[in-house]
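Okay, structure first, notes after.
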Amino acid sequence: MRILSGIQPSGVLHIGNYFGMMRPAIALQADGEALYFIADYHALTSVRDPDTLRENSRRIALDFLACGLDPERATVFRHSDVPQVTELAWILSTVAPMGLLERATSYKDKLARGMAATVGLFNYPVLMASDILIYDSDIVPVGKDQKQHIEITRDLAVKMNETFGEIFKLPEARIQAATETVPGIDGQKMSKSYGNNIDIFGDEKETRKRVMSVVTDSTPVEATKNPDKSTIFMLYSLVASQDEVADMRERFLEGGTGYADFKKGLFEKLWEYFAPMRKRREEILKDKSYIDDALAHGAKRANEIADQVMQRVRRAVGLR
Ligand code: ADP
Ligand code: TRP
């Protein structure tokens, strides 16, 4: 079984990324051949500064490795170290119906957030389909917002197979039900572009400040509170043990505890949860060649697979 996922180096990783995509991806390394890449070609749709893109890419690699990605088990690489994906994206684009891409909600969302309407942004799902198909991927662990992109990938694979014969496997999205969407400090989906994020490796003071500013309703201290509508409770459920979660639920229902106390509890658990990852991150930073070695090794393996698949594709469509 081949597992593949990517993450854009367009900013700093937050706990929504962690619980929605990184944690499931890390867990899956034990179940098959995992390939995880830093999607720098994709990030070009929003990052315009070359130094920033290079720095972000390295930092995402560092943070992902610190969170438990094991380069001995998983293939970790940069998107742009496998330029063949852009060739396959072109080939896929020649069968991709305009209407299919026009229905993509992420494009419309990005325009609504003020991004420029470029061809690259519109074509993004085709490049993403290429990312997935070029490795004969079976499983794609992603957050819920990426589900439509996997559906588009399957549609394009079917179109190619119908047109040129069986070339591609149909991949499946793997979406974590329990953490479908991690809320941000304002209760909306956590996203770096909404400014409501709590970062995985933020400093202690900043992280505490973010947690203490989680938006709550105005229920008085004495009154009973609804845990199922509370962002604090939802976030706590991700980082605390079952017993601790049950205990917080009871205290919500009982009344007598204010939101500020619940937030303090949340901060403590959150800080504790990521402590081993912070430690690992420090260790990796001390080893000067660790990240580059991991990425070089990953690029080699990713190229081997991509070259094989591209040979099949080129032959099937009549290029060579
Ligand atoms: P952002 O919305 O902050 O720009 P990305 O779009 O780069 O995040 O998402 C990277 C990965 O993390 C994707 O697989 C996405 O589905 C997942 N993800 C992002 N935000 C969340 C969230 N709030 N809850 C669950 N998963 C998320
Ligand atoms: N589009 C994904 C995101 O914004 C990143 C991504 C690019 C990806 N290519 C992929 C995810 C292939 C899974 C598989 O988060």
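Ligands are numbered from 1 in the order shown, chains are lettered A, B, ... in the order of the structure tokens, and residues start at 1 in each chain.
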For the contact check between chain A and ligand 1, emit one row per residue of chain A within 8 Å, containing the shortest atom pair and the distance in Å rounded to one decimal, counting only C-alpha atoms and all ligand atoms, chain then rising number order, as a tab-separated table.
residue	atom	partner	partner_atom_place_in_ligand_line	distance
A:Ser5	CA	ligand 1	14 (O)	7.8
A:Gly6	CA	ligand 1	14 (O)	7.4
A:Ile7	CA	ligand 1	10 (C)	5.2
A:Gln8	CA	ligand 1	7 (O)	5.3
A:Pro9	CA	ligand 1	7 (O)	7.5
A:Ser10	CA	ligand 1	7 (O)	6.9
A:Gly11	CA	ligand 1	4 (O)	7.7
A:Leu13	CA	ligand 1	3 (O)	7.4
A:His14	CA	ligand 1	3 (O)	7.0
A:Ile15	CA	ligand 1	22 (C)	7.6
A:Gly16	CA	ligand 1	22 (C)	3.8
A:Asn17	CA	ligand 1	12 (O)	3.6
A:Tyr18	CA	ligand 1	12 (O)	6.9
A:Phe19	CA	ligand 1	25 (C)	6.2
A:Gly20	CA	ligand 1	26 (N)	3.4
A:Met21	CA	ligand 1	14 (O)	4.8
A:Met22	CA	ligand 1	12 (O)	7.2
A:Pro141	CA	ligand 1	14 (O)	7.2
A:Val142	CA	ligand 1	14 (O)	3.8
A:Gly143	CA	ligand 1	16 (O)	2.9
A:Lys144	CA	ligand 1	16 (O)	5.3
A:Asp145	CA	ligand 1	16 (O)	4.9
A:Gln146	CA	ligand 1	16 (O)	5.3
A:Thr179	CA	ligand 1	25 (C)	6.3
A:Glu180	CA	ligand 1	25 (C)	5.5
A:Thr181	CA	ligand 1	24 (N)	3.6
A:Val182	CA	ligand 1	24 (N)	3.8
A:Pro183	CA	ligand 1	23 (N)	5.5
A:Gly184	CA	ligand 1	23 (N)	6.7
A:Lys189	CA	ligand 1	23 (N)	4.5
A:Met190	CA	ligand 1	23 (N)	3.8
A:Ser191	CA	ligand 1	3 (O)	3.4
A:Lys192	CA	ligand 1	3 (O)	3.9
A:Ser193	CA	ligand 1	4 (O)	5.8
A:Tyr194	CA	ligand 1	3 (O)	7.8
A:Asn197	CA	ligand 1	3 (O)	7.6
Leaving out range 116-125 of chain A and any residue of its chain fewer than 6 positions from it, which residues lie within 10 Å of it when counting only C-alpha atoms, given as a count of residues only? 27
Could you pull out the alpha helix (DSSP H) residues of range 25-269 of chain A from DSSP and send them as JSON, numbers by chain? {"A": [25, 26, 27, 28, 40, 41, 42, 43, 50, 51, 52, 53, 54, 55, 56, 57, 58, 59, 60, 61, 62, 63, 64, 65, 66, 84, 85, 86, 87, 88, 89, 90, 91, 92, 93, 98, 99, 100, 101, 102, 105, 106, 107, 108, 109, 110, 111, 112, 119, 120, 121, 122, 123, 124, 125, 126, 127, 128, 129, 130, 131, 132, 133, 147, 148, 149, 150, 151, 152, 153, 154, 155, 156, 157, 158, 159, 160, 161, 162, 163, 164, 204, 205, 206, 207, 208, 209, 210, 211, 212, 231, 232, 233, 234, 235, 236, 237, 238, 239, 242, 243, 244, 245, 246, 247, 248, 249, 250, 251, 252, 253, 254, 259, 260, 261, 262, 263, 264, 265, 266, 267, 268, 269]}
Quick one: residues within 10 Å of Ser230 in chain A, only C-alpha atoms counted, chain neighbours fewer than 6 positions away excluded, as a PyMOL selection string? chain A and resi 183+187+214-217+236+252+259
How about saving the chosen residues, N, CA, C and O atoms kept, as a PDB file, in the first residue's frame?
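Contents of the output file out01.pdb:
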ATOM      1  N   PRO A 183     -11.037  23.701  15.202  1.00  0.00           N
ATOM      2  CA  PRO A 183     -11.406  25.115  15.245  1.00  0.00           C
ATOM      3  C   PRO A 183     -10.240  26.003  15.669  1.00  0.00           C
ATOM      4  O   PRO A 183      -9.372  25.580  16.424  1.00  0.00           O
ATOM      5  N   GLY A 187     -13.240  30.097  16.792  1.00  0.00           N
ATOM      6  CA  GLY A 187     -14.287  29.085  16.625  1.00  0.00           C
ATOM      7  C   GLY A 187     -14.496  28.657  15.178  1.00  0.00           C
ATOM      8  O   GLY A 187     -15.106  27.631  14.908  1.00  0.00           O
ATOM      9  N   VAL A 214      -9.048  32.553  23.204  1.00  0.00           N
ATOM     10  CA  VAL A 214     -10.108  31.752  22.556  1.00  0.00           C
ATOM     11  C   VAL A 214     -11.458  32.410  22.873  1.00  0.00           C
ATOM     12  O   VAL A 214     -11.735  32.758  24.029  1.00  0.00           O
ATOM     13  N   VAL A 215     -12.253  32.594  21.834  1.00  0.00           N
ATOM     14  CA  VAL A 215     -13.531  33.292  22.005  1.00  0.00           C
ATOM     15  C   VAL A 215     -14.544  32.389  22.729  1.00  0.00           C
ATOM     16  O   VAL A 215     -14.675  31.211  22.409  1.00  0.00           O
ATOM     17  N   THR A 216     -15.228  32.955  23.724  1.00  0.00           N
ATOM     18  CA  THR A 216     -16.246  32.188  24.470  1.00  0.00           C
ATOM     19  C   THR A 216     -17.538  32.985  24.502  1.00  0.00           C
ATOM     20  O   THR A 216     -17.552  34.165  24.145  1.00  0.00           O
ATOM     21  N   ASP A 217     -18.619  32.341  24.962  1.00  0.00           N
ATOM     22  CA  ASP A 217     -19.866  33.111  25.132  1.00  0.00           C
ATOM     23  C   ASP A 217     -19.830  33.784  26.507  1.00  0.00           C
ATOM     24  O   ASP A 217     -18.827  33.712  27.218  1.00  0.00           O
ATOM     25  N   TYR A 236      -9.251  20.908  23.858  1.00  0.00           N
ATOM     26  CA  TYR A 236      -8.783  20.104  24.998  1.00  0.00           C
ATOM     27  C   TYR A 236      -8.902  18.613  24.680  1.00  0.00           C
ATOM     28  O   TYR A 236      -8.029  17.817  25.007  1.00  0.00           O
ATOM     29  N   PHE A 252     -17.757  21.476  33.143  1.00  0.00           N
ATOM     30  CA  PHE A 252     -18.557  22.370  32.293  1.00  0.00           C
ATOM     31  C   PHE A 252     -20.023  22.286  32.726  1.00  0.00           C
ATOM     32  O   PHE A 252     -20.697  23.302  32.899  1.00  0.00           O
ATOM     33  N   TYR A 259     -14.456  30.305  32.284  1.00  0.00           N
ATOM     34  CA  TYR A 259     -13.740  29.933  31.054  1.00  0.00           C
ATOM     35  C   TYR A 259     -12.236  30.142  31.189  1.00  0.00           C
ATOM     36  O   TYR A 259     -11.436  29.400  30.621  1.00  0.00           O
TER      37      TYR A 259
END
Identify, on the basis of only C-alpha atoms, every residue whose closest approach to Gly298 in chain A does not exceed 10 Å; exclude the query and any residue fewer than 4 positions from it along the same chain; express the result as a PyMOL selection string. chain A and resi 35-37+71-72+74-78+81+292-294+302-303
Selection file, all heavy atoms, as a tab-separated table (two decimals), in the first residue's frame:
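again.tsv was written with the following content:
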chain	number	residue	atom	x	y	z
A	35	LEU	N	4.94	8.39	1.32
A	35	LEU	CA	5.69	9.46	0.66
A	35	LEU	C	5.05	10.79	1.07
A	35	LEU	O	3.86	10.99	0.85
A	35	LEU	CB	5.60	9.33	-0.87
A	35	LEU	CG	6.30	8.12	-1.48
A	35	LEU	CD1	5.27	7.16	-2.05
A	35	LEU	CD2	7.25	8.57	-2.58
A	36	TYR	N	5.84	11.66	1.67
A	36	TYR	CA	5.31	12.95	2.11
A	36	TYR	C	6.20	14.06	1.57
A	36	TYR	O	7.43	14.01	1.70
A	36	TYR	CB	5.26	13.02	3.64
A	36	TYR	CG	4.33	11.96	4.22
A	36	TYR	CD1	4.75	11.14	5.25
A	36	TYR	CD2	3.04	11.79	3.70
A	36	TYR	CE1	3.91	10.16	5.77
A	36	TYR	CE2	2.20	10.81	4.22
A	36	TYR	CZ	2.64	10.00	5.24
A	36	TYR	OH	1.81	9.04	5.73
A	37	PHE	N	5.56	15.04	0.95
A	37	PHE	CA	6.39	16.07	0.33
A	37	PHE	C	5.99	17.49	0.73
A	37	PHE	O	4.88	17.76	1.16
A	37	PHE	CB	6.39	15.91	-1.19
A	37	PHE	CG	5.06	16.18	-1.84
A	37	PHE	CD1	4.78	17.44	-2.37
A	37	PHE	CD2	4.10	15.20	-1.93
A	37	PHE	CE1	3.57	17.69	-2.97
A	37	PHE	CE2	2.86	15.45	-2.53
A	37	PHE	CZ	2.60	16.70	-3.05
A	71	PRO	N	12.53	9.55	8.44
A	71	PRO	CA	13.05	9.41	7.06
A	71	PRO	C	13.57	8.02	6.74
A	71	PRO	O	13.81	7.70	5.58
A	71	PRO	CB	14.16	10.46	6.99
A	71	PRO	CG	14.48	10.82	8.38
A	71	PRO	CD	13.32	10.49	9.25
A	72	GLU	N	13.73	7.18	7.77
A	72	GLU	CA	14.13	5.79	7.50
A	72	GLU	C	12.93	5.00	6.99
A	72	GLU	O	13.08	4.01	6.28
A	72	GLU	CB	14.61	5.11	8.80
A	72	GLU	CG	15.78	5.79	9.47
A	72	GLU	CD	17.10	5.39	8.84
A	72	GLU	OE1	17.22	4.22	8.48
A	72	GLU	OE2	17.98	6.27	8.71
A	74	ALA	N	9.70	6.70	5.99
A	74	ALA	CA	8.92	7.42	4.98
A	74	ALA	C	9.85	8.16	4.03
A	74	ALA	O	10.97	8.52	4.40
A	74	ALA	CB	7.99	8.42	5.67
A	75	THR	N	9.37	8.37	2.83
A	75	THR	CA	10.12	9.14	1.85
A	75	THR	C	9.70	10.61	1.99
A	75	THR	O	8.54	10.93	1.76
A	75	THR	CB	9.80	8.60	0.45
A	75	THR	OG1	10.25	7.25	0.38
A	75	THR	CG2	10.47	9.41	-0.64
A	76	VAL	N	10.63	11.44	2.42
A	76	VAL	CA	10.32	12.85	2.64
A	76	VAL	C	11.07	13.66	1.58
A	76	VAL	O	12.28	13.50	1.44
A	76	VAL	CB	10.81	13.31	4.03
A	76	VAL	CG1	10.31	14.71	4.35
A	76	VAL	CG2	10.39	12.33	5.11
A	77	PHE	N	10.36	14.49	0.84
A	77	PHE	CA	11.06	15.19	-0.25
A	77	PHE	C	10.38	16.49	-0.61
A	77	PHE	O	9.27	16.79	-0.16
A	77	PHE	CB	11.13	14.27	-1.49
A	77	PHE	CG	9.79	13.85	-2.04
A	77	PHE	CD1	9.28	14.44	-3.19
A	77	PHE	CD2	9.03	12.88	-1.41
A	77	PHE	CE1	8.05	14.06	-3.70
A	77	PHE	CE2	7.79	12.48	-1.92
A	77	PHE	CZ	7.30	13.08	-3.06
A	78	ARG	N	11.09	17.27	-1.41
A	78	ARG	CA	10.55	18.52	-1.93
A	78	ARG	C	9.85	18.25	-3.24
A	78	ARG	O	10.39	17.56	-4.12
A	78	ARG	CB	11.68	19.49	-2.22
A	78	ARG	CG	11.89	20.52	-1.17
A	78	ARG	CD	12.90	21.56	-1.68
A	78	ARG	NE	13.88	21.80	-0.67
A	78	ARG	CZ	15.09	21.25	-0.64
A	78	ARG	NH1	15.52	20.46	-1.59
A	78	ARG	NH2	15.91	21.52	0.35
A	81	ASP	N	11.80	18.72	-6.37
A	81	ASP	CA	12.87	17.77	-6.70
A	81	ASP	C	12.37	16.68	-7.65
A	81	ASP	O	13.14	15.82	-8.07
A	81	ASP	CB	13.46	17.15	-5.42
A	81	ASP	CG	14.43	18.12	-4.74
A	81	ASP	OD1	14.97	19.00	-5.44
A	81	ASP	OD2	14.62	18.01	-3.51
A	292	ASP	N	18.88	18.03	5.16
A	292	ASP	CA	19.31	17.90	3.76
A	292	ASP	C	19.48	16.44	3.36
A	292	ASP	O	19.10	16.05	2.26
A	292	ASP	CB	20.63	18.65	3.53
A	292	ASP	CG	20.42	20.15	3.59
A	292	ASP	OD1	19.29	20.59	3.32
A	292	ASP	OD2	21.37	20.87	3.94
A	293	ASP	N	20.02	15.64	4.28
A	293	ASP	CA	20.19	14.21	3.97
A	293	ASP	C	18.84	13.54	3.76
A	293	ASP	O	18.65	12.77	2.83
A	293	ASP	CB	20.93	13.49	5.11
A	293	ASP	CG	22.40	13.87	5.14
A	293	ASP	OD1	22.86	14.55	4.20
A	293	ASP	OD2	23.09	13.50	6.12
A	294	ALA	N	17.91	13.86	4.65
A	294	ALA	CA	16.57	13.25	4.55
A	294	ALA	C	15.93	13.64	3.21
A	294	ALA	O	15.37	12.79	2.50
A	294	ALA	CB	15.69	13.69	5.71
A	302	ALA	N	11.68	9.12	-4.62
A	302	ALA	CA	10.49	9.66	-5.28
A	302	ALA	C	10.71	9.70	-6.80
A	302	ALA	O	9.81	9.37	-7.58
A	302	ALA	CB	10.17	11.05	-4.74
A	303	ASN	N	11.92	10.05	-7.20
A	303	ASN	CA	12.22	10.10	-8.63
A	303	ASN	C	12.16	8.71	-9.27
A	303	ASN	O	11.72	8.58	-10.41
A	303	ASN	CB	13.61	10.72	-8.87
A	303	ASN	CG	13.50	12.22	-9.05
A	303	ASN	OD1	13.09	12.70	-10.10
A	303	ASN	ND2	13.81	12.97	-8.00
Proximity to Arg281 in chain A - best of A:Asp228, A:Glu206, A:Glu162, A:Asp63, only C-alpha atoms: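 Looking only at the distances to Arg281 in chain A, the closest residue turns out to be A:Asp63.
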Choose the residue, out of A:Ser137, A:Arg48, A:Asp199, A:Ile38, that has the smallest atom-to-atom separation from Leu65 in chain A; count only C-alpha atoms.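 Of the candidates, the smallest distance to Leu65 in chain A is held by A:Ile38.
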Quick one: residues within 12 Å of Val158 in chain A, only C-alpha atoms, excluding same-chain residues fewer than 2 positions away - as a list in words?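 Once the nearby chain positions are removed, what remains is Leu92, Val95, Ala96, Ala129, Leu133, Glu151, Ile152, Thr153, Arg154, Asp155, Leu156, Met160, Asn161, Glu162, Thr163, Phe164, Gly165, Glu166, Ile167, Phe168, Lys169, Leu170 and Pro171 of chain A.
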Would you please work out which residue, of A:Asn226, A:Asp136, A:Thr52, A:Ile198, is nearest to ligand 2 when using only C-alpha atoms and all ligand atoms?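 Nearest to ligand 2: A:Asp136.
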Val140 in chain A environment, 7 Å, only C-alpha atoms, sequence neighbours closer than 6 positions dropped, as a PyMOL selection string: chain A and resi 3-5+171-174
Shell around Lys263 in chain A at 10 Å using only C-alpha atoms, local window under 4 positions removed, as a ChimeraX atom specification: /A:208,210-214,231-233,235-236,258-259,267-269
Of A:Gln311, A:Glu244, A:Val221, A:Ala296, the one sitting nearest Asp261 in chain A when using only C-alpha atoms is A:Val221
If I take CA of Ala240 in chain A and CA of Tyr273 in chain A, how far is one from the other in Å, to one decimal? 8.0 Å
I need the residue nearest ligand 2 from this list: A:Lys205, A:Lys225, A:His79, A:Arg315. Use only C-alpha atoms and all ligand atoms for the distance. A:His79
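Between CA of Ile132 in chain A and atom 10 (C, counted along the ligand's line) of ligand 2 the separation is 6.6 Å.
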Pairwise distance for CA of Glu282 in chain A and CA of Glu204 in chain A, rounded to one decimal in Å: 15.2 Å
Have a look at A:Lys147, A:Lys286, A:Lys229, A:Lys279 and name the one nearest to ligand 2; count only C-alpha atoms and all ligand atoms. A:Lys147
Could you please write out, as a PDB file with all heavy atoms, in the first residue's frame, every residue of range 90-237 of chain A that DSSP assigns to strand (DSSP E)?
ATOM      1  N   ILE A 139      -3.569   5.638  -0.785  1.00  0.00           N
ATOM      2  CA  ILE A 139      -4.240   6.364   0.296  1.00  0.00           C
ATOM      3  C   ILE A 139      -3.650   7.770   0.403  1.00  0.00           C
ATOM      4  O   ILE A 139      -2.435   7.934   0.373  1.00  0.00           O
ATOM      5  CB  ILE A 139      -3.980   5.644   1.650  1.00  0.00           C
ATOM      6  CG1 ILE A 139      -4.458   4.200   1.597  1.00  0.00           C
ATOM      7  CG2 ILE A 139      -4.595   6.394   2.814  1.00  0.00           C
ATOM      8  CD1 ILE A 139      -5.935   4.013   1.678  1.00  0.00           C
ATOM      9  N   VAL A 140      -4.530   8.755   0.555  1.00  0.00           N
ATOM     10  CA  VAL A 140      -4.069  10.137   0.682  1.00  0.00           C
ATOM     11  C   VAL A 140      -4.644  10.740   1.974  1.00  0.00           C
ATOM     12  O   VAL A 140      -5.809  11.131   2.022  1.00  0.00           O
ATOM     13  CB  VAL A 140      -4.510  10.983  -0.533  1.00  0.00           C
ATOM     14  CG1 VAL A 140      -3.893  12.383  -0.469  1.00  0.00           C
ATOM     15  CG2 VAL A 140      -4.123  10.305  -1.842  1.00  0.00           C
ATOM     16  N   PRO A 141      -3.845  10.779   3.055  1.00  0.00           N
ATOM     17  CA  PRO A 141      -4.346  11.385   4.290  1.00  0.00           C
ATOM     18  C   PRO A 141      -4.327  12.918   4.200  1.00  0.00           C
ATOM     19  O   PRO A 141      -3.275  13.514   3.996  1.00  0.00           O
ATOM     20  CB  PRO A 141      -3.359  10.895   5.371  1.00  0.00           C
ATOM     21  CG  PRO A 141      -2.121  10.512   4.632  1.00  0.00           C
ATOM     22  CD  PRO A 141      -2.483  10.230   3.199  1.00  0.00           C
ATOM     23  N   GLU A 172      -7.585   6.862  -2.727  1.00  0.00           N
ATOM     24  CA  GLU A 172      -8.666   7.183  -1.778  1.00  0.00           C
ATOM     25  C   GLU A 172      -8.204   8.205  -0.756  1.00  0.00           C
ATOM     26  O   GLU A 172      -7.082   8.108  -0.252  1.00  0.00           O
ATOM     27  CB  GLU A 172      -9.046   5.922  -1.007  1.00  0.00           C
ATOM     28  CG  GLU A 172     -10.204   5.204  -1.657  1.00  0.00           C
ATOM     29  CD  GLU A 172     -10.473   3.900  -0.958  1.00  0.00           C
ATOM     30  OE1 GLU A 172     -10.483   3.880   0.282  1.00  0.00           O
ATOM     31  OE2 GLU A 172     -10.639   2.908  -1.691  1.00  0.00           O
ATOM     32  N   ALA A 173      -9.112   9.124  -0.418  1.00  0.00           N
ATOM     33  CA  ALA A 173      -8.800  10.086   0.646  1.00  0.00           C
ATOM     34  C   ALA A 173      -8.951   9.380   1.982  1.00  0.00           C
ATOM     35  O   ALA A 173      -9.807   8.523   2.150  1.00  0.00           O
ATOM     36  CB  ALA A 173      -9.765  11.260   0.581  1.00  0.00           C
ATOM     37  N   ARG A 174      -8.090   9.713   2.937  1.00  0.00           N
ATOM     38  CA  ARG A 174      -8.238   9.202   4.307  1.00  0.00           C
ATOM     39  C   ARG A 174      -8.407  10.419   5.206  1.00  0.00           C
ATOM     40  O   ARG A 174      -7.464  11.171   5.445  1.00  0.00           O
ATOM     41  CB  ARG A 174      -6.983   8.397   4.679  1.00  0.00           C
ATOM     42  CG  ARG A 174      -6.931   7.858   6.083  1.00  0.00           C
ATOM     43  CD  ARG A 174      -7.875   6.696   6.341  1.00  0.00           C
ATOM     44  NE  ARG A 174      -7.658   5.535   5.496  1.00  0.00           N
ATOM     45  CZ  ARG A 174      -6.802   4.541   5.767  1.00  0.00           C
ATOM     46  NH1 ARG A 174      -6.058   4.575   6.847  1.00  0.00           N
ATOM     47  NH2 ARG A 174      -6.687   3.518   4.943  1.00  0.00           N
TER      48      ARG A 174
END
